[in-house]
Amino acid sequence: MSDVRDEIDWEWPGDAVTEGQTNYFWQGYVPEGTSNGHVETGLADTYANFHDYTIDWQPNKLTWSIDGKIVRTLNEADTVDTQGVSHFPSTPSRVELSIWPAGIDSNALGTIQWGGGMIDWNDPDFKAAGHFYAIVRSVTIECSDSAERKVGVTAYTYGSNASFLTPEIKVVNASTLLMAVGNGADAILRDNYLVCTLIAIVVGSILIGLIP
């Protein structure tokens, strides 16, 4: 997630344990047509088994992989609209890992249906642990900057628009304060439900290996 709401996702609805879902957003807008979310099926039970989920984000191409196998590719050239504006995520972003309750009354019907219906608070897994949870074995992040980074460059800032709707990014030698300094985790209270989010700030394009 970036400050201008570019977003690249792996998502796992709690009741669909043999699939993973990929999606992306450009400045908060949901892409239309065939560029919208994809569902990858046939996974070994994601509740009982670990898998490697990878997002390889390059300046002109984005790929999603499961256990080392590419399952989806998005080319930047395929996101350009009729006005010549690219709808491809391109701004420095933070990595967030979280679980959140889709099946609650305050959410839209479509969101509740996507999550598998209303939450069953009598679910035996919930009652045994006292909460719902996801286990992440490890996270690996590798920066693949489009240009060689100079010594001392530690942060980025947004400049004036380089072109219509595309913010200019400058890498600078400045201090950057991460959210939740100390333990890397931020707890957010939403509608009386606790959502735990792991946050890291990254400069440049990234390769993320997730094992939930």
# chains A, B, ... in the order shown; residues from 1 in each chain; ligands from 1
>>> residues_around(residues="Gly115 (chain A)", least_positions_apart="4", cutoff="7 Å", atoms="only C-alpha atoms", output="JSON, numbers by chain")
{"A": [13, 14, 102, 103, 111]}
>>> residues_around(residues="region 68-83 of chain A", least_positions_apart="4", cutoff="10 Å", atoms="only C-alpha atoms", output="ChimeraX atom specification")
/A:22,24,26,31-32,35,38-40,51-64,87-90,164,209
>>> write_last_selection(atoms="N, CA, C and O atoms", output="short mmCIF file (atom, residue, chain, number, x, y, z; two decimals), in the first residue's frame")
data_model
loop_
_atom_site.label_atom_id
_atom_site.label_comp_id
_atom_site.auth_asym_id
_atom_site.auth_seq_id
_atom_site.Cartn_x
_atom_site.Cartn_y
_atom_site.Cartn_z
N THR A 22 -5.47 -12.78 -6.22
CA THR A 22 -4.55 -11.69 -6.52
C THR A 22 -5.34 -10.49 -7.01
O THR A 22 -6.37 -10.62 -7.67
N TYR A 24 -4.88 -5.84 -7.70
CA TYR A 24 -4.07 -4.62 -7.60
C TYR A 24 -4.99 -3.43 -7.76
O TYR A 24 -6.09 -3.52 -8.30
N TRP A 26 -4.82 1.00 -8.51
CA TRP A 26 -4.02 2.15 -8.94
C TRP A 26 -4.62 3.39 -8.32
O TRP A 26 -5.74 3.76 -8.63
N PRO A 31 -9.27 -1.77 -10.93
CA PRO A 31 -9.15 -1.92 -12.38
C PRO A 31 -10.38 -2.60 -12.97
O PRO A 31 -11.06 -3.37 -12.30
N GLU A 32 -10.66 -2.30 -14.24
CA GLU A 32 -11.83 -2.84 -14.89
C GLU A 32 -11.44 -3.95 -15.85
O GLU A 32 -10.29 -4.10 -16.24
N SER A 35 -8.33 -7.06 -16.26
CA SER A 35 -7.24 -6.72 -15.35
C SER A 35 -7.66 -6.81 -13.88
O SER A 35 -6.85 -6.59 -12.99
N HIS A 38 -7.94 -11.98 -9.83
CA HIS A 38 -7.89 -13.35 -10.30
C HIS A 38 -7.95 -14.29 -9.11
O HIS A 38 -7.47 -13.96 -8.02
N VAL A 39 -8.50 -15.49 -9.33
CA VAL A 39 -8.56 -16.51 -8.30
C VAL A 39 -7.72 -17.70 -8.75
O VAL A 39 -7.92 -18.22 -9.85
N GLU A 40 -6.77 -18.10 -7.91
CA GLU A 40 -5.93 -19.27 -8.19
C GLU A 40 -6.44 -20.42 -7.33
O GLU A 40 -6.51 -20.31 -6.11
N HIS A 51 2.67 -22.34 2.23
CA HIS A 51 3.00 -22.15 0.82
C HIS A 51 3.86 -20.90 0.70
O HIS A 51 3.81 -20.02 1.56
N ASP A 52 4.65 -20.82 -0.38
CA ASP A 52 5.40 -19.60 -0.70
C ASP A 52 4.57 -18.76 -1.66
O ASP A 52 4.26 -19.20 -2.77
N TYR A 53 4.22 -17.56 -1.24
CA TYR A 53 3.48 -16.63 -2.10
C TYR A 53 4.40 -15.46 -2.42
O TYR A 53 4.95 -14.82 -1.50
N THR A 54 4.59 -15.17 -3.69
CA THR A 54 5.55 -14.15 -4.11
C THR A 54 4.87 -13.09 -4.97
O THR A 54 4.04 -13.40 -5.82
N ILE A 55 5.25 -11.85 -4.72
CA ILE A 55 4.91 -10.73 -5.60
C ILE A 55 6.23 -10.18 -6.13
O ILE A 55 7.07 -9.73 -5.35
N ASP A 56 6.43 -10.25 -7.43
CA ASP A 56 7.64 -9.70 -8.06
C ASP A 56 7.21 -8.45 -8.83
O ASP A 56 6.61 -8.53 -9.90
N TRP A 57 7.55 -7.30 -8.24
CA TRP A 57 7.07 -6.01 -8.75
C TRP A 57 8.23 -5.29 -9.43
O TRP A 57 9.13 -4.80 -8.77
N GLN A 58 8.19 -5.26 -10.75
CA GLN A 58 9.21 -4.59 -11.55
C GLN A 58 8.59 -3.33 -12.19
O GLN A 58 7.37 -3.20 -12.22
N PRO A 59 9.42 -2.40 -12.69
CA PRO A 59 8.87 -1.15 -13.24
C PRO A 59 7.84 -1.34 -14.34
O PRO A 59 6.91 -0.53 -14.46
N ASN A 60 7.98 -2.41 -15.14
CA ASN A 60 7.07 -2.59 -16.28
C ASN A 60 6.29 -3.89 -16.25
O ASN A 60 5.56 -4.20 -17.19
N LYS A 61 6.46 -4.66 -15.16
CA LYS A 61 5.76 -5.95 -15.11
C LYS A 61 5.57 -6.37 -13.66
O LYS A 61 6.40 -6.11 -12.80
N LEU A 62 4.45 -7.04 -13.41
CA LEU A 62 4.10 -7.50 -12.08
C LEU A 62 3.71 -8.97 -12.19
O LEU A 62 2.87 -9.33 -13.01
N THR A 63 4.34 -9.83 -11.37
CA THR A 63 3.99 -11.24 -11.39
C THR A 63 3.68 -11.73 -9.99
O THR A 63 4.27 -11.27 -9.01
N TRP A 64 2.73 -12.65 -9.92
CA TRP A 64 2.37 -13.32 -8.68
C TRP A 64 2.73 -14.80 -8.83
O TRP A 64 2.45 -15.41 -9.88
N HIS A 87 -2.34 2.81 -15.53
CA HIS A 87 -2.99 2.49 -14.26
C HIS A 87 -2.22 1.38 -13.55
O HIS A 87 -2.82 0.48 -12.95
N PHE A 88 -0.92 1.45 -13.61
CA PHE A 88 -0.03 0.43 -13.04
C PHE A 88 0.54 0.95 -11.73
O PHE A 88 1.01 2.09 -11.66
N PRO A 89 0.51 0.17 -10.63
CA PRO A 89 1.09 0.64 -9.36
C PRO A 89 2.56 1.00 -9.55
O PRO A 89 3.34 0.21 -10.08
N SER A 90 2.95 2.21 -9.12
CA SER A 90 4.31 2.67 -9.42
C SER A 90 4.95 3.48 -8.30
O SER A 90 6.05 4.00 -8.49
N PHE A 164 0.46 13.72 -16.13
CA PHE A 164 -0.89 13.75 -15.59
C PHE A 164 -1.17 12.53 -14.73
O PHE A 164 -1.05 11.40 -15.18
N GLY A 209 8.42 -12.41 -0.56
CA GLY A 209 8.11 -13.81 -0.37
C GLY A 209 7.31 -14.00 0.89
O GLY A 209 7.83 -13.72 1.97
#
>>> closest_residue(among="A:Ser98, A:Thr18, A:Asn173, A:Gln113", to="Asn49 (chain A)", atoms="only C-alpha atoms")
A:Thr18
>>> select_by_dssp(residues="region 13-186 of chain A", states="strand (DSSP E)", output="NGL selection string")
:A and (19-25 or 38-41 or 53-57 or 61-66 or 69-75 or 94-98 or 139-143 or 155-163 or 166-172 or 185-186)
>>> select_by_dssp(residues="region 40-121 of chain A", states="alpha helix (DSSP H)", output="ChimeraX atom specification")
/A:109-114
>>> write_last_selection(atoms="N, CA, C and O atoms", output="PDB file, in the first residue's frame")
ATOM      1  N   LEU A 109     -22.799  -5.964   1.587  1.00  0.00           N
ATOM      2  CA  LEU A 109     -23.212  -7.331   1.316  1.00  0.00           C
ATOM      3  C   LEU A 109     -22.193  -8.064   0.449  1.00  0.00           C
ATOM      4  O   LEU A 109     -21.874  -9.229   0.697  1.00  0.00           O
ATOM      5  N   GLY A 110     -21.667  -7.377  -0.576  1.00  0.00           N
ATOM      6  CA  GLY A 110     -20.688  -8.010  -1.447  1.00  0.00           C
ATOM      7  C   GLY A 110     -19.433  -8.417  -0.701  1.00  0.00           C
ATOM      8  O   GLY A 110     -18.838  -9.474  -0.980  1.00  0.00           O
ATOM      9  N   THR A 111     -18.995  -7.583   0.239  1.00  0.00           N
ATOM     10  CA  THR A 111     -17.812  -7.905   1.040  1.00  0.00           C
ATOM     11  C   THR A 111     -18.086  -9.112   1.928  1.00  0.00           C
ATOM     12  O   THR A 111     -17.236 -10.007   2.062  1.00  0.00           O
ATOM     13  N   ILE A 112     -19.275  -9.172   2.523  1.00  0.00           N
ATOM     14  CA  ILE A 112     -19.649 -10.305   3.379  1.00  0.00           C
ATOM     15  C   ILE A 112     -19.691 -11.599   2.564  1.00  0.00           C
ATOM     16  O   ILE A 112     -19.167 -12.638   2.990  1.00  0.00           O
ATOM     17  N   GLN A 113     -20.276 -11.534   1.378  1.00  0.00           N
ATOM     18  CA  GLN A 113     -20.338 -12.722   0.521  1.00  0.00           C
ATOM     19  C   GLN A 113     -18.957 -13.156   0.088  1.00  0.00           C
ATOM     20  O   GLN A 113     -18.655 -14.358   0.053  1.00  0.00           O
ATOM     21  N   TRP A 114     -18.089 -12.186  -0.265  1.00  0.00           N
ATOM     22  CA  TRP A 114     -16.709 -12.502  -0.653  1.00  0.00           C
ATOM     23  C   TRP A 114     -15.970 -13.236   0.472  1.00  0.00           C
ATOM     24  O   TRP A 114     -15.215 -14.178   0.233  1.00  0.00           O
TER      25      TRP A 114
END
>>> closest_residue(among="A:Ala155, A:Val30, A:Ile99, A:Val139", to="Glu11 (chain A)", atoms="only C-alpha atoms")
A:Ile99
>>> atom_distance(atom1="CA of Ala48 (chain A)", atom2="CA of Ala129 (chain A)")
15.6 Å
>>> atom_distance(atom1="CA of Trp10 (chain A)", atom2="CA of Gly130 (chain A)")
25.6 Å
>>> atom_distance(atom1="CA of Arg5 (chain A)", atom2="CA of Phe25 (chain A)")
7.4 Å
>>> residues_around(residues="Thr91 (chain A)", least_positions_apart="6", cutoff="8 Å", atoms="only C-alpha atoms", output="ChimeraX atom specification")
/A:2,4,6,167,169,204
>>> write_last_selection(atoms="N, CA, C and O atoms", output="short mmCIF file (atom, residue, chain, number, x, y, z; two decimals), in the first residue's frame")
data_model
loop_
_atom_site.label_atom_id
_atom_site.label_comp_id
_atom_site.auth_asym_id
_atom_site.auth_seq_id
_atom_site.Cartn_x
_atom_site.Cartn_y
_atom_site.Cartn_z
N SER A 2 0.61 2.18 -0.88
CA SER A 2 1.40 3.41 -0.93
C SER A 2 0.58 4.58 -0.40
O SER A 2 -0.63 4.47 -0.17
N VAL A 4 -0.40 7.09 -1.95
CA VAL A 4 -1.43 7.52 -2.91
C VAL A 4 -2.35 6.36 -3.27
O VAL A 4 -3.05 6.39 -4.27
N ASP A 6 -1.73 3.18 -4.24
CA ASP A 6 -1.35 2.04 -5.07
C ASP A 6 -1.33 0.82 -4.17
O ASP A 6 -0.92 0.91 -3.00
N PRO A 167 2.61 10.73 -9.98
CA PRO A 167 3.49 11.52 -9.11
C PRO A 167 4.97 11.24 -9.37
O PRO A 167 5.37 10.13 -9.70
N ILE A 169 8.68 10.72 -8.09
CA ILE A 169 9.29 10.17 -6.88
C ILE A 169 10.76 10.59 -6.83
O ILE A 169 11.49 10.42 -7.80
N GLY A 204 11.67 1.71 -3.67
CA GLY A 204 11.92 1.05 -4.94
C GLY A 204 10.99 -0.13 -5.16
O GLY A 204 10.12 -0.45 -4.38
#
